[in-house]
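Just target.csv here, CSV, C-alpha atoms:
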chain,number,residue,atom,x,y,z
A,30,MET,CA,75.2,81.3,156.7
A,31,GLN,CA,76.0,84.4,154.8
A,32,ARG,CA,72.9,86.3,153.6
A,33,VAL,CA,73.2,88.2,150.3
A,34,ARG,CA,71.0,90.2,148.0
A,35,VAL,CA,71.3,90.0,144.2
A,36,LYS,CA,71.8,93.4,142.7
A,37,SER,CA,68.7,94.9,141.0
A,38,LEU,CA,70.6,95.9,137.8
A,39,MET,CA,69.3,95.4,134.3
A,40,PRO,CA,72.1,96.0,131.8
A,41,PRO,CA,71.3,95.3,128.2
A,42,GLY,CA,74.2,92.9,127.5
A,43,HIS,CA,75.2,89.3,128.1
A,44,VAL,CA,75.0,88.5,131.8
A,45,ARG,CA,74.3,85.2,133.6
A,46,THR,CA,72.2,86.6,136.4
A,47,PRO,CA,68.5,85.7,135.8
A,48,HIS,CA,65.9,88.5,136.0
A,49,TYR,CA,63.8,86.6,138.4
A,50,LEU,CA,66.5,86.6,141.1
A,51,ARG,CA,67.4,90.3,140.9
A,52,GLY,CA,66.8,92.1,144.2
A,53,LYS,CA,66.1,88.7,146.0
A,54,ILE,CA,67.8,87.7,149.2
A,55,GLY,CA,69.4,84.3,149.6
A,56,THR,CA,72.1,82.5,151.5
A,57,VAL,CA,75.5,81.4,150.2
A,58,GLU,CA,75.4,77.6,149.8
A,59,ARG,CA,79.0,77.2,148.7
A,60,GLN,CA,81.9,79.0,147.1
A,61,LEU,CA,82.6,77.5,143.7
A,62,GLY,CA,86.0,79.2,142.9
A,63,SER,CA,86.8,81.8,140.3
A,64,PHE,CA,86.0,81.7,136.6
A,65,PRO,CA,86.6,84.0,133.6
A,66,ASN,CA,83.9,86.6,133.6
A,67,PRO,CA,81.3,85.6,131.0
A,68,GLU,CA,80.4,89.3,130.6
A,69,ASN,CA,83.8,89.7,129.0
A,70,LEU,CA,84.1,86.3,127.3
A,71,ALA,CA,80.8,87.0,125.4
A,72,TYR,CA,82.4,89.9,123.6
A,73,GLY,CA,85.8,88.2,122.9
A,74,GLN,CA,87.5,90.4,125.5
A,75,PRO,CA,90.1,89.4,128.1
A,76,ALA,CA,88.2,87.9,131.0
A,77,PRO,CA,89.6,88.2,134.5
A,78,ALA,CA,88.4,85.4,136.8
A,79,LYS,CA,85.6,86.4,139.2
A,80,PRO,CA,84.4,84.5,142.2
A,81,LEU,CA,81.3,82.4,141.6
A,82,LEU,CA,78.9,81.4,144.4
A,83,ARG,CA,76.0,79.1,144.7
A,84,VAL,CA,73.2,81.0,146.4
A,85,ARG,CA,70.1,79.3,147.8
A,86,PHE,CA,66.7,81.1,147.9
A,87,THR,CA,63.4,79.9,149.3
A,88,MET,CA,60.5,79.7,146.9
A,89,ALA,CA,58.6,81.9,149.4
A,90,ASP,CA,61.2,84.6,149.0
A,91,LEU,CA,61.0,84.4,145.2
A,92,TRP,CA,57.3,84.1,144.6
A,93,GLY,CA,55.6,85.2,147.8
A,94,ASP,CA,52.1,83.9,148.3
A,95,ALA,CA,52.0,82.4,144.8
A,96,THR,CA,54.5,79.7,145.7
A,97,GLU,CA,53.5,76.1,145.5
A,98,ASN,CA,55.4,75.2,148.7
A,99,PRO,CA,57.2,77.9,150.7
A,100,ASN,CA,59.9,75.5,151.9
A,101,ASP,CA,61.0,74.4,148.4
A,102,THR,CA,64.3,76.1,147.4
A,103,LEU,CA,66.1,77.3,144.4
A,104,ASP,CA,69.9,77.2,143.9
A,105,ALA,CA,71.7,79.4,141.3
A,106,GLU,CA,75.2,80.3,140.5
A,107,ILE,CA,75.8,84.0,140.9
A,108,TYR,CA,79.0,85.9,140.3
A,109,GLU,CA,80.1,87.8,143.4
A,110,HIS,CA,80.1,91.1,141.6
A,111,TRP,CA,76.3,90.7,141.3
A,112,LEU,CA,75.9,90.2,145.1
A,113,GLU,CA,75.6,92.7,147.9
A,114,PRO,CA,75.2,92.2,151.7
A,115,ALA,CA,71.6,91.6,152.6
A,116,PRO,CA,70.2,94.7,154.2
A,117,ASP,CA,69.0,93.2,157.5
A,118,ALA,CA,71.8,90.6,157.9
A,119,THR,CA,71.8,89.1,161.3
B,27,MET,CA,54.3,86.0,129.3
B,28,SER,CA,55.7,88.3,131.9
B,29,ASP,CA,53.7,89.5,134.9
B,30,THR,CA,54.6,93.1,134.0
B,31,PHE,CA,56.3,94.3,130.9
B,32,ASN,CA,59.8,95.4,131.5
B,33,PRO,CA,61.7,96.7,128.5
B,34,ALA,CA,65.1,96.0,130.1
B,35,ARG,CA,64.3,92.4,130.5
B,36,ARG,CA,65.7,90.4,127.6
B,37,TRP,CA,63.6,87.7,125.9
B,38,HIS,CA,65.9,84.7,126.7
B,39,ASP,CA,65.7,85.4,130.4
B,40,MET,CA,62.5,83.5,130.8
B,41,GLY,CA,62.7,81.9,134.3
B,42,GLY,CA,59.5,82.3,136.3
B,43,ASP,CA,57.3,83.2,133.3
B,44,LEU,CA,53.9,81.4,132.8
B,45,ALA,CA,53.9,79.0,129.9
B,46,GLY,CA,52.0,76.1,128.5
B,47,PRO,CA,52.5,72.3,129.2
B,48,ILE,CA,56.0,70.8,128.8
B,49,PRO,CA,56.1,69.5,125.2
B,50,THR,CA,56.6,65.8,124.9
B,51,ASP,CA,57.7,65.4,121.3
B,52,GLN,CA,61.3,64.3,120.8
B,53,HIS,CA,63.4,64.1,117.6
B,54,ASP,CA,66.6,62.3,116.9
B,55,PHE,CA,69.3,64.6,115.8
B,56,SER,CA,70.1,64.5,112.1
B,57,LEU,CA,73.6,64.5,110.6
B,58,TRP,CA,73.5,68.2,109.8
B,59,GLU,CA,72.5,69.0,113.4
B,60,LYS,CA,75.3,66.9,114.7
B,61,ARG,CA,77.7,68.6,112.5
B,62,VAL,CA,76.6,72.0,113.8
B,63,ASP,CA,77.1,70.8,117.3
B,64,ALA,CA,80.6,69.6,116.3
B,65,LEU,CA,81.5,72.9,114.7
B,66,MET,CA,80.6,74.7,118.0
B,67,ILE,CA,83.0,72.5,120.0
B,68,ILE,CA,85.7,72.8,117.4
B,69,GLY,CA,85.4,76.5,116.9
B,70,ALA,CA,85.5,77.0,120.6
B,71,ALA,CA,88.4,74.6,121.1
B,72,LYS,CA,90.4,76.4,118.4
B,73,GLY,CA,89.9,79.7,120.3
B,74,PHE,CA,87.7,81.5,117.9
B,75,PHE,CA,84.9,82.1,120.4
B,76,THR,CA,83.6,80.9,123.7
B,77,VAL,CA,80.2,79.4,124.6
B,78,ASP,CA,79.4,82.9,126.0
B,79,GLY,CA,80.0,84.4,122.6
B,80,LEU,CA,77.7,81.7,121.2
B,81,ARG,CA,75.0,82.7,123.7
B,82,ARG,CA,75.5,86.4,123.2
B,83,VAL,CA,74.7,86.2,119.5
B,84,LEU,CA,71.8,83.8,120.2
B,85,GLU,CA,70.4,86.3,122.7
B,86,ASP,CA,70.9,89.3,120.3
B,87,MET,CA,69.1,87.4,117.5
B,88,GLY,CA,65.9,88.0,119.4
B,89,GLU,CA,62.7,86.3,120.2
B,90,ASP,CA,61.5,85.9,116.6
B,91,ALA,CA,64.5,83.6,116.0
B,92,PHE,CA,63.6,81.5,119.0
B,93,GLU,CA,60.1,81.1,117.8
B,94,ASN,CA,60.8,80.6,114.1
B,95,MET,CA,64.1,78.8,113.8
B,96,THR,CA,65.1,75.4,115.1
B,97,TYR,CA,67.7,75.0,117.8
B,98,TYR,CA,70.6,74.1,115.5
B,99,GLU,CA,69.5,76.7,112.9
B,100,ARG,CA,70.0,79.3,115.6
B,101,TRP,CA,73.3,77.7,116.5
B,102,ILE,CA,74.8,77.7,113.0
B,103,ALA,CA,73.8,81.3,112.6
B,104,SER,CA,75.6,82.2,115.9
B,105,ILE,CA,78.6,80.0,115.2
B,106,ASN,CA,79.0,81.7,111.8
B,107,GLN,CA,78.8,85.2,113.2
B,108,ASN,CA,81.3,84.3,115.9
B,109,LEU,CA,83.7,82.8,113.4
B,110,ILE,CA,83.5,85.9,111.2
B,111,GLU,CA,84.1,88.1,114.3
B,112,GLY,CA,87.0,85.9,115.3
B,113,GLY,CA,88.6,86.2,111.8
B,114,ALA,CA,88.2,82.6,110.7
B,115,TYR,CA,87.0,83.7,107.3
B,116,THR,CA,85.3,86.8,105.8
B,117,THR,CA,81.7,87.4,104.9
B,118,ALA,CA,82.7,87.5,101.2
B,119,GLU,CA,84.3,84.1,101.4
B,120,LEU,CA,81.1,82.8,103.1
B,121,ALA,CA,78.9,84.3,100.4
B,122,GLU,CA,81.0,82.6,97.6
B,123,LYS,CA,81.0,79.3,99.4
B,124,MET,CA,77.2,79.3,100.1
B,125,ALA,CA,76.5,80.1,96.5
B,126,GLU,CA,78.7,77.3,95.4
B,127,VAL,CA,77.1,74.8,97.9
B,128,ALA,CA,73.6,75.8,96.8
B,129,LYS,CA,74.3,74.9,93.2
B,130,ARG,CA,75.4,71.3,94.0
B,131,GLY,CA,71.9,69.8,94.4
B,132,ALA,CA,68.5,70.0,95.8
B,133,THR,CA,69.0,68.0,99.0
B,134,TYR,CA,71.3,68.2,101.9
B,135,GLY,CA,72.9,64.9,100.9
B,136,ASP,CA,73.7,66.1,97.5
B,137,ALA,CA,75.0,69.5,98.6
B,138,ALA,CA,77.2,68.0,101.3
B,139,SER,CA,78.6,65.4,99.1
B,140,ALA,CA,81.8,67.3,98.3
B,141,SER,CA,82.7,67.2,102.0
C,9,MET,CA,84.9,60.8,101.1
C,10,PRO,CA,81.7,58.8,101.1
C,11,HIS,CA,78.8,60.4,99.3
C,12,ASP,CA,76.4,61.4,102.2
C,13,HIS,CA,73.4,60.6,100.1
C,14,HIS,CA,74.4,56.9,100.1
C,15,ASN,CA,75.9,56.8,103.6
C,16,HIS,CA,72.9,55.9,105.7
C,17,LEU,CA,74.5,55.0,109.0
C,18,SER,CA,75.8,57.5,111.5
C,19,PRO,CA,79.1,56.8,113.4
C,20,SER,CA,77.0,55.2,116.1
C,21,GLY,CA,75.6,52.7,113.6
C,22,HIS,CA,72.1,54.2,113.8
C,23,PRO,CA,70.4,55.5,110.6
C,24,TYR,CA,70.4,59.2,110.2
C,25,ARG,CA,67.0,60.9,109.9
C,26,ALA,CA,65.6,61.5,106.4
C,27,ASP,CA,66.7,65.1,106.4
C,28,ASN,CA,69.5,64.1,104.1
C,29,ASP,CA,66.9,63.7,101.4
C,30,THR,CA,64.8,66.7,102.0
C,31,ASP,CA,65.2,70.1,100.3
C,32,LEU,CA,68.4,71.8,101.2
C,33,SER,CA,67.6,74.7,103.6
C,34,TYR,CA,69.4,78.0,103.9
C,35,TRP,CA,70.8,77.0,107.3
C,36,GLN,CA,72.0,73.6,106.0
C,37,THR,CA,73.7,75.5,103.2
C,38,MET,CA,75.4,77.6,105.8
C,39,GLU,CA,76.5,74.6,107.8
C,40,ILE,CA,78.1,73.0,104.8
C,41,ALA,CA,79.8,76.3,103.8
C,42,VAL,CA,81.1,77.0,107.3
C,43,ARG,CA,82.4,73.5,107.7
C,44,GLU,CA,84.2,73.5,104.3
C,45,LEU,CA,85.7,76.9,104.9
C,46,LEU,CA,87.2,75.8,108.2
C,47,ILE,CA,88.6,72.7,106.5
C,48,GLU,CA,90.0,74.6,103.5
C,49,LYS,CA,91.7,77.0,105.9
C,50,GLY,CA,93.3,74.2,107.9
C,51,ILE,CA,91.4,75.1,111.1
C,52,THR,CA,89.8,71.6,111.2
C,53,THR,CA,89.6,68.5,109.1
C,54,ALA,CA,86.7,66.4,108.0
C,55,GLN,CA,88.0,63.7,110.2
C,56,ASP,CA,88.0,66.0,113.3
C,57,VAL,CA,84.3,66.8,112.6
C,58,ALA,CA,83.5,63.1,112.3
C,59,ASN,CA,85.5,62.3,115.4
C,60,GLN,CA,83.7,65.0,117.4
C,61,ILE,CA,80.3,63.6,116.3
C,62,GLU,CA,81.4,60.2,117.3
C,63,THR,CA,82.5,61.4,120.7
C,64,MET,CA,79.1,63.1,121.3
C,65,ASP,CA,77.2,60.0,120.1
C,66,SER,CA,79.1,58.0,122.6
C,67,ARG,CA,77.8,60.2,125.5
C,68,THR,CA,74.4,58.9,126.5
C,69,PRO,CA,72.3,58.6,129.7
C,70,ALA,CA,73.7,55.1,130.1
C,71,ASN,CA,77.0,56.6,131.2
C,72,GLY,CA,75.3,58.6,133.9
C,73,ALA,CA,73.4,55.5,134.9
C,74,GLN,CA,76.6,53.7,135.5
C,75,VAL,CA,77.9,56.5,137.7
C,76,VAL,CA,74.7,56.5,139.7
C,77,ALA,CA,74.7,52.7,140.1
C,78,HIS,CA,78.3,52.8,141.2
C,79,ALA,CA,77.5,55.5,143.8
C,80,TRP,CA,74.6,53.4,145.1
C,81,SER,CA,76.8,50.3,145.5
C,82,ASP,CA,80.1,51.8,146.7
C,83,PRO,CA,80.2,54.1,149.7
C,84,VAL,CA,83.8,55.2,149.0
C,85,PHE,CA,82.9,56.2,145.4
C,86,HIS,CA,79.7,57.8,146.7
C,87,ALA,CA,81.7,60.1,149.0
C,88,GLU,CA,84.1,60.9,146.1
C,89,LEU,CA,81.2,61.7,143.8
C,90,MET,CA,79.6,64.0,146.3
C,91,ARG,CA,82.9,65.8,146.9
C,92,ASP,CA,84.1,66.1,143.3
C,93,ALA,CA,81.8,64.7,140.7
C,94,SER,CA,84.0,65.6,137.8
C,95,ALA,CA,87.0,63.7,139.2
C,96,ALA,CA,84.9,60.7,140.3
C,97,THR,CA,83.4,60.4,136.9
C,98,ARG,CA,86.7,60.7,135.1
C,99,GLU,CA,88.1,58.1,137.5
C,100,MET,CA,85.4,55.7,136.1
C,101,GLY,CA,86.9,56.3,132.7
C,102,PHE,CA,84.3,58.6,131.2
C,103,ASP,CA,85.7,61.3,128.8
C,104,ILE,CA,83.7,64.3,130.1
C,105,GLY,CA,86.1,67.0,128.6
C,106,PRO,CA,86.1,70.2,130.7
C,107,LEU,CA,82.8,69.4,132.3
C,108,ARG,CA,82.5,70.8,135.9
C,109,LEU,CA,80.0,68.4,137.4
C,110,ILE,CA,78.2,68.7,140.8
C,111,ALA,CA,76.2,65.7,142.0
C,112,VAL,CA,73.1,66.5,144.0
C,113,GLU,CA,71.5,63.6,145.9
C,114,ASN,CA,67.9,62.9,146.5
C,115,THR,CA,66.9,61.6,149.9
C,116,PRO,CA,63.4,60.9,151.4
C,117,GLN,CA,63.5,64.6,152.5
C,118,VAL,CA,64.9,66.3,149.4
C,119,HIS,CA,64.1,66.0,145.7
C,120,ASN,CA,66.5,67.8,143.3
C,121,MET,CA,65.7,69.1,139.8
C,122,ILE,CA,67.8,70.7,137.1
C,123,VAL,CA,67.0,73.5,134.7
C,124,CYS,CA,68.7,76.2,132.8
C,125,THR,CA,66.4,79.2,132.5
C,126,LEU,CA,68.8,81.4,130.4
C,127,CYS,CA,69.7,78.9,127.7
C,128,SER,CA,70.0,75.1,127.8
C,129,CYS,CA,73.0,74.2,129.9
C,130,TYR,CA,73.1,70.4,130.5
C,131,PRO,CA,75.7,67.8,131.6
C,132,ARG,CA,76.0,66.9,127.9
C,133,ASN,CA,79.6,65.6,128.3
C,134,LEU,CA,78.3,62.8,130.5
C,135,LEU,CA,74.6,62.3,129.4
C,136,GLY,CA,74.8,63.4,125.8
C,137,LEU,CA,72.6,66.1,124.2
C,138,PRO,CA,69.6,67.2,126.1
C,139,PRO,CA,66.0,66.2,125.2
C,140,ASP,CA,63.9,68.7,123.3
C,141,TRP,CA,61.7,69.4,126.3
C,142,TYR,CA,64.7,70.5,128.4
C,143,LYS,CA,65.3,73.3,125.8
C,144,SER,CA,61.6,74.3,125.6
C,145,ARG,CA,60.2,77.7,126.7
C,146,ALA,CA,57.7,75.8,129.0
C,147,TYR,CA,60.4,73.9,130.9
C,148,ARG,CA,62.8,76.8,131.2
C,149,SER,CA,60.1,79.3,132.3
C,150,ARG,CA,58.0,77.2,134.7
C,151,THR,CA,60.4,75.0,136.6
C,152,VAL,CA,61.8,77.7,138.8
C,153,ARG,CA,58.3,78.9,139.8
C,154,GLU,CA,56.1,75.8,139.9
C,155,PRO,CA,58.4,72.8,140.0
C,156,ARG,CA,55.7,70.5,141.5
C,157,THR,CA,53.3,71.2,138.7
C,158,VAL,CA,56.0,70.5,136.2
C,159,LEU,CA,56.9,67.3,138.0
C,160,SER,CA,53.2,66.3,137.9
C,161,GLU,CA,53.3,66.6,134.1
C,162,PHE,CA,56.1,64.0,134.2
C,163,GLY,CA,54.0,61.8,136.4
C,164,VAL,CA,55.9,62.5,139.6
C,165,THR,CA,54.0,63.6,142.7
C,166,LEU,CA,56.0,64.2,145.9
C,167,PRO,CA,54.7,64.6,149.5
C,168,ASP,CA,54.4,68.2,150.7
C,169,ALA,CA,57.0,67.3,153.4
C,170,THR,CA,59.6,66.6,150.8
C,171,THR,CA,61.6,69.7,149.9
C,172,VAL,CA,62.0,70.3,146.2
C,173,ARG,CA,65.4,71.9,145.4
C,174,VAL,CA,65.6,73.4,142.0
C,175,HIS,CA,69.0,74.1,140.5
C,176,ASP,CA,69.2,76.8,137.8
C,177,SER,CA,72.5,76.1,135.8
C,178,THR,CA,73.3,79.8,135.4
C,179,ALA,CA,77.0,79.6,135.1
C,180,ASP,CA,79.9,77.2,134.9
C,181,MET,CA,78.6,74.2,136.9
C,182,ARG,CA,76.5,71.4,135.5
C,183,TYR,CA,74.4,69.1,137.7
C,184,ILE,CA,73.4,65.5,137.9
C,185,VAL,CA,70.8,64.2,140.2
C,186,ILE,CA,71.5,61.0,142.1
C,187,PRO,CA,68.0,59.5,142.5
C,188,ASN,CA,66.8,57.6,145.4
C,189,ARG,CA,67.8,53.9,145.2
C,190,PRO,CA,64.6,51.9,144.8
C,191,GLU,CA,63.5,49.5,147.5
C,192,GLY,CA,64.0,45.8,146.9
C,193,THR,CA,67.3,46.3,145.1
C,194,ASP,CA,69.7,45.2,147.8
C,195,ASN,CA,71.1,42.2,146.0
C,196,MET,CA,71.3,43.7,142.5
C,197,SER,CA,74.5,44.0,140.6
C,198,GLN,CA,75.7,47.4,139.5
C,199,SER,CA,74.9,46.6,135.8
C,200,ASP,CA,71.3,45.7,136.8
C,201,LEU,CA,71.0,48.7,139.0
C,202,ALA,CA,72.1,50.9,136.1
C,203,LYS,CA,69.1,49.7,134.1
C,204,LEU,CA,66.8,51.3,136.6
C,205,VAL,CA,68.4,54.8,136.2
C,206,THR,CA,66.6,56.8,133.6
C,207,ARG,CA,67.7,60.0,131.9
C,208,ASP,CA,64.9,61.9,133.5
C,209,SER,CA,65.8,60.5,137.0
C,210,MET,CA,69.2,62.2,136.6
C,211,ILE,CA,67.6,65.5,135.6
C,212,GLY,CA,65.1,65.2,138.4
C,213,THR,CA,62.0,65.0,136.3
C,214,GLY,CA,61.7,61.3,137.0
C,215,LEU,CA,62.5,58.7,139.7
C,216,ALA,CA,64.5,55.6,139.3
C,217,LYS,CA,62.5,52.6,138.1
C,218,ARG,CA,61.5,49.9,140.4
C,219,PRO,CA,62.9,46.4,139.7

Mind converting the file's structure to structure tokens?
Amino acid sequence: MQRVRVKSLMPPGHVRTPHYLRGKIGTVERQLGSFPNPENLAYGQPAPAKPLLRVRFTMADLWGDATENPNDTLDAEIYEHWLEPAPDAT
Amino acid sequence: MSDTFNPARRWHDMGGDLAGPIPTDQHDFSLWEKRVDALMIIGAAKGFFTVDGLRRVLEDMGEDAFENMTYYERWIASINQNLIEGGAYTTAELAEKMAEVAKRGATYGDAASAS
Amino acid sequence: MPHDHHNHLSPSGHPYRADNDTDLSYWQTMEIAVRELLIEKGITTAQDVANQIETMDSRTPANGAQVVAHAWSDPVFHAELMRDASAATREMGFDIGPLRLIAVENTPQVHNMIVCTLCSCYPRNLLGLPPDWYKSRAYRSRTVREPRTVLSEFGVTLPDATTVRVHDSTADMRYIVIPNRPEGTDNMSQSDLAKLVTRDSMIGTGLAKRP
């Protein structure tokens, strides 16, 4: 499975990438197709379609030792332009 | 409550925060709330804005609005701003209409009776 | 048009709340003004607004319960639902509009749970409007970090060996949980099975009821 990292960017405008996932590494669970970019739609601008992926993270990767159960997982939809290759991809 | 304060993190982006127990109260939606919901669907269907435009204004309204206004109060505020931005009517037209509506009666039922 | 003050039943036939008779608020004034301006300008009609309310009122958890019961009963439909939940739901005759639905299935090994941390995305075109708690700060904040503690507040305790899989509805997809079919239901009809499927079981904060 493809390992990806969510970019650690913090722009002030409307984005659909949650703060708690930024900089976190997950695996691509499935491709969802392309959708008009919400970062354009929010401002009434033309919105080219951007690929959207469902990315799966382990709770251990998100919350470290504080996690309730390290094997529990979290899925979120992340636009491809918010993803970069995981640094230690194997 | 964030673990560490980050000025770039926006108030609505609350996943992972600590918070109190899940509230259990539930209310049935009133007619005016259902109408707000309908106006959102219609305004979007007519091309005046998108759900992302609705969210953008809700986010820009800030945390005080989240704490002090009800869900559909925030929605009508956002729908209105999006409709003005989208050219459906002007602020002046809204001002005249709101003044007229407010004179119709003391209750929602009375004031909405013309429609 | 009927005078709202004397029109006590909603399109669904249920009484409206008493708000109609409470003091007119600033935001209610805005709602009336916005709606009337849109009607005056020919952007919509009073009938369109009433029809839209009726459409939303017709969307309830009972619709989702029928989908779940059908999936429990019919392996072919189950496969279709897992492949394309929007198409499978439309095929059953539900008007879900542009909803892009993904069905996520509970098993003895996996329990799914739905949240929207950024706002309050919900499969509303199938299940109707979300419950108030779904939109609360507490649910939106905590579910992605301590789902088991949140579940315990709903009275659900899962074995450690069961994987909890939380879905944050961050973009264009909406999710429905297909709960585990309870034991002792082998001979039940679809309509009886549907009665066991609660709203919360389709969000993942509950389990299907036992017969």

Next item on the list: Could you please select, counting only C-alpha atoms, the residues of chain C within 12 Å of chain A and state them as a PyMOL selection string?
Entry: chain C and resi 92+108-110+112+117-127+129+148-158+166-183

How would the residues just picked look written out with C-alpha atoms as a short mmCIF file (atom, residue, chain, number, x, y, z; two decimals), in the coordinates of the input?
data_model
loop_
_atom_site.label_atom_id
_atom_site.label_comp_id
_atom_site.auth_asym_id
_atom_site.auth_seq_id
_atom_site.Cartn_x
_atom_site.Cartn_y
_atom_site.Cartn_z
CA ASP C 92 84.10 66.10 143.30
CA ARG C 108 82.50 70.80 135.90
CA LEU C 109 80.00 68.40 137.40
CA ILE C 110 78.20 68.70 140.80
CA VAL C 112 73.10 66.50 144.00
CA GLN C 117 63.50 64.60 152.50
CA VAL C 118 64.90 66.30 149.40
CA HIS C 119 64.10 66.00 145.70
CA ASN C 120 66.50 67.80 143.30
CA MET C 121 65.70 69.10 139.80
CA ILE C 122 67.80 70.70 137.10
CA VAL C 123 67.00 73.50 134.70
CA CYS C 124 68.70 76.20 132.80
CA THR C 125 66.40 79.20 132.50
CA LEU C 126 68.80 81.40 130.40
CA CYS C 127 69.70 78.90 127.70
CA CYS C 129 73.00 74.20 129.90
CA ARG C 148 62.80 76.80 131.20
CA SER C 149 60.10 79.30 132.30
CA ARG C 150 58.00 77.20 134.70
CA THR C 151 60.40 75.00 136.60
CA VAL C 152 61.80 77.70 138.80
CA ARG C 153 58.30 78.90 139.80
CA GLU C 154 56.10 75.80 139.90
CA PRO C 155 58.40 72.80 140.00
CA ARG C 156 55.70 70.50 141.50
CA THR C 157 53.30 71.20 138.70
CA VAL C 158 56.00 70.50 136.20
CA LEU C 166 56.00 64.20 145.90
CA PRO C 167 54.70 64.60 149.50
CA ASP C 168 54.40 68.20 150.70
CA ALA C 169 57.00 67.30 153.40
CA THR C 170 59.60 66.60 150.80
CA THR C 171 61.60 69.70 149.90
CA VAL C 172 62.00 70.30 146.20
CA ARG C 173 65.40 71.90 145.40
CA VAL C 174 65.60 73.40 142.00
CA HIS C 175 69.00 74.10 140.50
CA ASP C 176 69.20 76.80 137.80
CA SER C 177 72.50 76.10 135.80
CA THR C 178 73.30 79.80 135.40
CA ALA C 179 77.00 79.60 135.10
CA ASP C 180 79.90 77.20 134.90
CA MET C 181 78.60 74.20 136.90
CA ARG C 182 76.50 71.40 135.50
CA TYR C 183 74.40 69.10 137.70
#

Sorted by chain and rising residue number, which residues of segment 30-115 of chain A lie within 10 Å of segment 92-111 of chain B, and what are their closest atom pairs and distances in Å to one decimal, counting all atoms listed in the file, as a tab-separated table?
residue	atom	partner	partner_atom	distance
A:Ala71	CA	B:Asn108	CA	9.9
A:Tyr72	CA	B:Asn108	CA	9.6
A:Gly73	CA	B:Glu111	CA	8.8

Check: Which residue out of A:Pro114, A:Pro77, A:Gly42, A:Gly52 has the minimum interatomic distance to Val83 of chain B when only C-alpha atoms are used?
Finding: A:Gly42

Item checked: 6 Å contact set for Val35 of chain A, all atoms listed in the file, chain neighbours under 2 positions out, as a PyMOL selection string -> chain A and resi 51-53+111-112

Next item on the list: Pick out the closest residue to chain A from this set: B:Arg82, B:Lys129, B:Arg61, B:Lys123. Count all atoms listed in the file.
Entry: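 The closest residue to chain A is B:Arg82.
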
Next item on the list: Could you jot down the atom CA of Leu215 of chain C to atom CA of Ala146 of chain C separation for me, Å, one decimal place?
Entry: 20.7 Å

Next item on the list: With a distance threshold of 8 Å and counting all atoms listed in the file, extract the residues of chain B near chain C and express them as a PyMOL selection string.
Entry: chain B and resi 38-58+60-65+67-68+72+81+99+102-103+106+114-115+120+123-124+127-128+131-141

Selection file, C-alpha atoms, as a compact mmCIF listing (two decimals), in the frame of the given file:
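Contents of the output file again09.txt:
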# COMPACT_ATOMS: atom_id res chain seq x y z
CA HIS B 38 65.90 84.70 126.70
CA ASP B 39 65.70 85.40 130.40
CA MET B 40 62.50 83.50 130.80
CA GLY B 41 62.70 81.90 134.30
CA GLY B 42 59.50 82.30 136.30
CA ASP B 43 57.30 83.20 133.30
CA LEU B 44 53.90 81.40 132.80
CA ALA B 45 53.90 79.00 129.90
CA GLY B 46 52.00 76.10 128.50
CA PRO B 47 52.50 72.30 129.20
CA ILE B 48 56.00 70.80 128.80
CA PRO B 49 56.10 69.50 125.20
CA THR B 50 56.60 65.80 124.90
CA ASP B 51 57.70 65.40 121.30
CA GLN B 52 61.30 64.30 120.80
CA HIS B 53 63.40 64.10 117.60
CA ASP B 54 66.60 62.30 116.90
CA PHE B 55 69.30 64.60 115.80
CA SER B 56 70.10 64.50 112.10
CA LEU B 57 73.60 64.50 110.60
CA TRP B 58 73.50 68.20 109.80
CA LYS B 60 75.30 66.90 114.70
CA ARG B 61 77.70 68.60 112.50
CA VAL B 62 76.60 72.00 113.80
CA ASP B 63 77.10 70.80 117.30
CA ALA B 64 80.60 69.60 116.30
CA LEU B 65 81.50 72.90 114.70
CA ILE B 67 83.00 72.50 120.00
CA ILE B 68 85.70 72.80 117.40
CA LYS B 72 90.40 76.40 118.40
CA ARG B 81 75.00 82.70 123.70
CA GLU B 99 69.50 76.70 112.90
CA ILE B 102 74.80 77.70 113.00
CA ALA B 103 73.80 81.30 112.60
CA ASN B 106 79.00 81.70 111.80
CA ALA B 114 88.20 82.60 110.70
CA TYR B 115 87.00 83.70 107.30
CA LEU B 120 81.10 82.80 103.10
CA LYS B 123 81.00 79.30 99.40
CA MET B 124 77.20 79.30 100.10
CA VAL B 127 77.10 74.80 97.90
CA ALA B 128 73.60 75.80 96.80
CA GLY B 131 71.90 69.80 94.40
CA ALA B 132 68.50 70.00 95.80
CA THR B 133 69.00 68.00 99.00
CA TYR B 134 71.30 68.20 101.90
CA GLY B 135 72.90 64.90 100.90
CA ASP B 136 73.70 66.10 97.50
CA ALA B 137 75.00 69.50 98.60
CA ALA B 138 77.20 68.00 101.30
CA SER B 139 78.60 65.40 99.10
CA ALA B 140 81.80 67.30 98.30
CA SER B 141 82.70 67.20 102.00
